[in-house]
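*Asks:* I have a structure here, written as structure tokens, and I will follow up with some questions on it.
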Amino acid sequence: MIGVISAHITHRWVDIKKLELYAAKEARSLLSSIKDLDSVCECALLKTCNRVEIYVATTNPERTKAALEAMILNFVEGSERNHVQFLSSTGSVRHLARVTSGLDSMIVGEDQILAQVKEAYEFGIKEGTIGKTLGEVFRKAISIGKKVRTETGVNKGGVSIGSAAVELANGLLSSLQNRTILVVGAGEVSRLVARSLASHNVKAIFVANRTYDAAEQLAAELGGEAVHFDRLPERLRMSDVVICGTSAPHVVIDKSDLVRAFGPAGPATPLLMIDISNPRNISEDVLELPNVQLHDMDGLKEVAERNEERRKNEIERAEKTIDSELELMKSRFEERRDSEETVRLLHTYVGRIRESEYAKAVNKLNGVDERQKKVMYDMLMSVTKKILAEPTESLKEASKNGEQELIDATEKLFKLRRR
Ligand SMILES: NC(=O)c1ccc[n+]([C@@H]2O[C@H](COP(=O)([O-])OP(=O)(O)OC[C@H]3O[C@@H](n4cnc5c(N)ncnc54)[C@H](OP(=O)(O)O)[C@@H]3O)[C@@H](O)[C@H]2O)c1
């Protein structure tokens with residue numbers, strides 16, 4: 001029997017500094033190490049800015065959990081037992097459905113997570129680590145995530161980590177009106193920031209990116225100005241707010257950049273810096289200069305709580321949708337198990353008749369040699385196999401389509417008794 005277990009390290013109980021350590025592990029090698037663990041048949045890895053989650057299909061959940069826990073503790077320096085939460089069977093499936101629905105996100109209702117789960121699924125398929133069991137779990141969770149978004153208003157208003165960063169800046173400065181904003185990065189998260197800035201009547205937006213073309217493209221969409229990365233200090237000097245979101249695995253802005261921009265005394269007026277990258281891209285040493293405020297993703301918690309409060313009713317509706325979808329999935333599983341048991345009983349029933357008729361025939365024929373016995377037995381095997389092939393297929397199909405009547409009728413017809 002195959003079971004599902006999962007390990008979760010998320011923003012709900014681990015801060016961004018610790019999360020960085022786990023997220024730093026390269027996905028392909030991590031997947032391959034998990035695949036080699038005791039009793040593992042399938043595995044998948046979901047790694048986003050707010051979470052590292054491992055899903056495993058295993059023939060021995062207890063042994064795999066122990067091996068997985070030991071692996072995580074050994075792999076990551078600074079790792080602790082309480083950083084990782086384990087779930088199993090329906091708990092794992094429910095959790096993934098809540099994730100795809102945006103209910104477990106830091107910014108509840110954000111849409112980006114659905115695409116990130118799809119990517120994790122496709123990656124697992126490509127690597128050959130996701131098979132029948134996890135495939136079904138992921139496909140179901142993705143379809144629930146879509147359903148929740150169409151049937152409830154949980155994602156209304158297009159909230160995202162980008163809009164949360166803008167809301168944080170707006171709140172801390174009372175207003176962003178007439179402020180100059182420097183966006184560092186021009187990928188998905190910077191686009192979300194940019195989209196959100198559009199309604200704030202800011203004075204100017206600069207977009208700095210490693211690849212200048214991408215900066216130009218985003219700046220053009222925003223009516224802003226693209227900045228070459230090496231001219232960052234110049235634009236820093238003109239900015240009130242810096243929002244940084246790149247995938248660089250290292251620091252992109254540190255104290256020396258601010259010193260180059262403002263001189264050794266630092267900025268004369270407040271400079272608000274928000275880093276929404278994981279791993280973080282703004283070094284904490286910027287705080288050694290006066291007038292600098294730095295917030296990372298943990299700093300978005302209050303904005304996140306307000307967002308969650310605003311969506312309370314829709315979250316409840318989403319939870320109900322998830323419950324009923326999982327209930328449906330469970331009953332389909334049970335039906336499938338039902339048909340498996342019917343097929344097993346039918347084969348046992350026919351097999352018993354075959355064995356007894358064979359024994360009777362051998363007795364009657366008195367003196368058949370081993371070769372003749374084998375011919376007779378093979379013929380009987382072949383006949384029963386052929387007779388049972390179609391009904392077996394039909395029962396499996398009936399179970400898949402939820403046609404319980406055929407399963408019941410078969411049991412009645414052959415007087416098959418469940419224990
Ligand atoms: N997407 C989300 O919903 C989300 C949510 C929360 C946090 N985040 C975090 O935000 C960051 C960016 O995510 P994303 O989704 O926007 O990624 P993305 O779409 O892949 O964009 C990556 C950006 O980072 C830049 N970049 C990559 N490597 C770099 C390097 N070595 N030096 C300087 N710039 C580099 C890229 O510049 P080029 O154009 O030159 O390649 C691009 O602008 C990540 O740390 C992620 O964890 C993302």
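As shown in the structure tokens, the chain order sets the letters A, B, ...; within each chain, residues go from 1, and ligands are also counted from 1 in the order they appear.
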If you take only C-alpha atoms and all ligand atoms and a cut-off of 9 Å, which residues of chain A touch ligand 1, and what are their nearest atom pairs and distances in Å to one decimal, in chain and number order, as JSON lines?
*Replies:*
{"residue": "A:Ala23", "atom": "CA", "partner": "ligand 1", "partner_atom_place_in_ligand_line": "47 (O)", "distance": 8.9}
{"residue": "A:Thr48", "atom": "CA", "partner": "ligand 1", "partner_atom_place_in_ligand_line": "47 (O)", "distance": 6.1}
{"residue": "A:Cys49", "atom": "CA", "partner": "ligand 1", "partner_atom_place_in_ligand_line": "47 (O)", "distance": 3.9}
{"residue": "A:Asn50", "atom": "CA", "partner": "ligand 1", "partner_atom_place_in_ligand_line": "6 (C)", "distance": 6.9}
{"residue": "A:Glu110", "atom": "CA", "partner": "ligand 1", "partner_atom_place_in_ligand_line": "3 (O)", "distance": 8.0}
{"residue": "A:Asp111", "atom": "CA", "partner": "ligand 1", "partner_atom_place_in_ligand_line": "3 (O)", "distance": 8.1}
{"residue": "A:Gln112", "atom": "CA", "partner": "ligand 1", "partner_atom_place_in_ligand_line": "3 (O)", "distance": 5.1}
{"residue": "A:Ile113", "atom": "CA", "partner": "ligand 1", "partner_atom_place_in_ligand_line": "3 (O)", "distance": 6.8}
{"residue": "A:Gln116", "atom": "CA", "partner": "ligand 1", "partner_atom_place_in_ligand_line": "3 (O)", "distance": 8.4}
{"residue": "A:Ser160", "atom": "CA", "partner": "ligand 1", "partner_atom_place_in_ligand_line": "3 (O)", "distance": 6.8}
{"residue": "A:Ile161", "atom": "CA", "partner": "ligand 1", "partner_atom_place_in_ligand_line": "5 (C)", "distance": 5.3}
{"residue": "A:Gly162", "atom": "CA", "partner": "ligand 1", "partner_atom_place_in_ligand_line": "5 (C)", "distance": 7.3}
{"residue": "A:Val184", "atom": "CA", "partner": "ligand 1", "partner_atom_place_in_ligand_line": "43 (O)", "distance": 7.6}
{"residue": "A:Gly185", "atom": "CA", "partner": "ligand 1", "partner_atom_place_in_ligand_line": "43 (O)", "distance": 3.8}
{"residue": "A:Ala186", "atom": "CA", "partner": "ligand 1", "partner_atom_place_in_ligand_line": "43 (O)", "distance": 3.8}
{"residue": "A:Gly187", "atom": "CA", "partner": "ligand 1", "partner_atom_place_in_ligand_line": "21 (O)", "distance": 3.4}
{"residue": "A:Glu188", "atom": "CA", "partner": "ligand 1", "partner_atom_place_in_ligand_line": "16 (O)", "distance": 3.6}
{"residue": "A:Val189", "atom": "CA", "partner": "ligand 1", "partner_atom_place_in_ligand_line": "16 (O)", "distance": 3.7}
{"residue": "A:Ser190", "atom": "CA", "partner": "ligand 1", "partner_atom_place_in_ligand_line": "16 (O)", "distance": 5.7}
{"residue": "A:Arg191", "atom": "CA", "partner": "ligand 1", "partner_atom_place_in_ligand_line": "16 (O)", "distance": 7.5}
{"residue": "A:Leu192", "atom": "CA", "partner": "ligand 1", "partner_atom_place_in_ligand_line": "3 (O)", "distance": 8.0}
{"residue": "A:Ala208", "atom": "CA", "partner": "ligand 1", "partner_atom_place_in_ligand_line": "43 (O)", "distance": 8.5}
{"residue": "A:Asn209", "atom": "CA", "partner": "ligand 1", "partner_atom_place_in_ligand_line": "43 (O)", "distance": 5.6}
{"residue": "A:Arg210", "atom": "CA", "partner": "ligand 1", "partner_atom_place_in_ligand_line": "40 (O)", "distance": 4.0}
{"residue": "A:Thr211", "atom": "CA", "partner": "ligand 1", "partner_atom_place_in_ligand_line": "40 (O)", "distance": 3.7}
{"residue": "A:Tyr212", "atom": "CA", "partner": "ligand 1", "partner_atom_place_in_ligand_line": "40 (O)", "distance": 7.3}
{"residue": "A:Asp213", "atom": "CA", "partner": "ligand 1", "partner_atom_place_in_ligand_line": "39 (O)", "distance": 7.8}
{"residue": "A:Ala214", "atom": "CA", "partner": "ligand 1", "partner_atom_place_in_ligand_line": "39 (O)", "distance": 5.5}
{"residue": "A:Ala215", "atom": "CA", "partner": "ligand 1", "partner_atom_place_in_ligand_line": "39 (O)", "distance": 7.4}
{"residue": "A:Phe229", "atom": "CA", "partner": "ligand 1", "partner_atom_place_in_ligand_line": "33 (C)", "distance": 8.5}
{"residue": "A:Cys244", "atom": "CA", "partner": "ligand 1", "partner_atom_place_in_ligand_line": "10 (O)", "distance": 8.0}
{"residue": "A:Gly245", "atom": "CA", "partner": "ligand 1", "partner_atom_place_in_ligand_line": "11 (C)", "distance": 4.4}
{"residue": "A:Thr246", "atom": "CA", "partner": "ligand 1", "partner_atom_place_in_ligand_line": "24 (O)", "distance": 3.3}
{"residue": "A:Ser247", "atom": "CA", "partner": "ligand 1", "partner_atom_place_in_ligand_line": "24 (O)", "distance": 4.0}
{"residue": "A:Ala248", "atom": "CA", "partner": "ligand 1", "partner_atom_place_in_ligand_line": "30 (C)", "distance": 3.7}
{"residue": "A:Pro249", "atom": "CA", "partner": "ligand 1", "partner_atom_place_in_ligand_line": "31 (N)", "distance": 6.2}
{"residue": "A:His250", "atom": "CA", "partner": "ligand 1", "partner_atom_place_in_ligand_line": "31 (N)", "distance": 7.0}
{"residue": "A:Val251", "atom": "CA", "partner": "ligand 1", "partner_atom_place_in_ligand_line": "32 (N)", "distance": 8.5}
{"residue": "A:Val252", "atom": "CA", "partner": "ligand 1", "partner_atom_place_in_ligand_line": "33 (C)", "distance": 6.6}
{"residue": "A:Asp275", "atom": "CA", "partner": "ligand 1", "partner_atom_place_in_ligand_line": "10 (O)", "distance": 8.5}
{"residue": "A:Ile276", "atom": "CA", "partner": "ligand 1", "partner_atom_place_in_ligand_line": "7 (C)", "distance": 5.2}
{"residue": "A:Ser277", "atom": "CA", "partner": "ligand 1", "partner_atom_place_in_ligand_line": "45 (O)", "distance": 3.4}
{"residue": "A:Asn278", "atom": "CA", "partner": "ligand 1", "partner_atom_place_in_ligand_line": "45 (O)", "distance": 3.9}
{"residue": "A:Pro279", "atom": "CA", "partner": "ligand 1", "partner_atom_place_in_ligand_line": "45 (O)", "distance": 5.6}
{"residue": "A:Arg280", "atom": "CA", "partner": "ligand 1", "partner_atom_place_in_ligand_line": "45 (O)", "distance": 6.8}
{"residue": "A:Asn281", "atom": "CA", "partner": "ligand 1", "partner_atom_place_in_ligand_line": "45 (O)", "distance": 7.8}
{"residue": "A:Met297", "atom": "CA", "partner": "ligand 1", "partner_atom_place_in_ligand_line": "7 (C)", "distance": 7.7}
*Asks:* Near Thr58 of chain A, counting only C-alpha atoms, which residues have an atom at most 6 Å away, once you skip same-chain residues fewer than 4 positions from it, shown as number ranges by chain?
*Replies:* A: 2-3, 39-41
*Asks:* Give me every alpha helix (DSSP H) residue in segment 294-419 of chain A, going by DSSP on the backbone, as number ranges by chain.
*Replies:* A: 301-310, 312-365, 370-400, 404-413
*Asks:* Show me, as CSV, the residues of segment 110-216 of chain A having an atom within 8 Å of segment 234-242 of chain A, each with the closest atom pair and its distance in Å, using only C-alpha atoms.
*Replies:*
residue,atom,partner,partner_atom,distance
A:Ala169,CA,A:Val241,CA,7.4
A:Arg179,CA,A:Asp240,CA,6.1
A:Thr180,CA,A:Ser239,CA,4.9
A:Ile181,CA,A:Val241,CA,4.9
A:Leu182,CA,A:Val242,CA,4.7
A:Val183,CA,A:Val242,CA,5.9
A:Val184,CA,A:Val242,CA,7.3
A:Phe206,CA,A:Arg235,CA,7.4
*Asks:* I'd like the interatomic distance between atom CA of Val52 of chain A and atom CA of Ile315 of chain A, to a tenth of an Å.
*Replies:* 23.0 Å
*Asks:* Would you give me, as a count of residues only, the residues in segment 121-322 of chain A that DSSP reads as strand (DSSP E)?
*Replies:* 28
*Asks:* Point out the residue among A:Val292, A:Leu45, A:Ala359, A:Leu37 with the least atom-to-atom distance to Ala70 of chain A, counting only C-alpha atoms.
*Replies:*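 Among the listed residues, the smallest separation from Ala70 of chain A belongs to A:Leu37.
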*Asks:* Pick out the residues sitting within 9 Å of Ala304 of chain A, and hand them over as a ChimeraX atom specification; count only C-alpha atoms, and ignore anything fewer than 2 positions along from it in its own chain.
*Replies:* /A:106-108,161,164,300-302,306-309
*Asks:* Figure out the distance between atom CA of Gln293 of chain A and atom CA of Ile243 of chain A, please, to one decimal in Å.
*Replies:* 11.8 Å
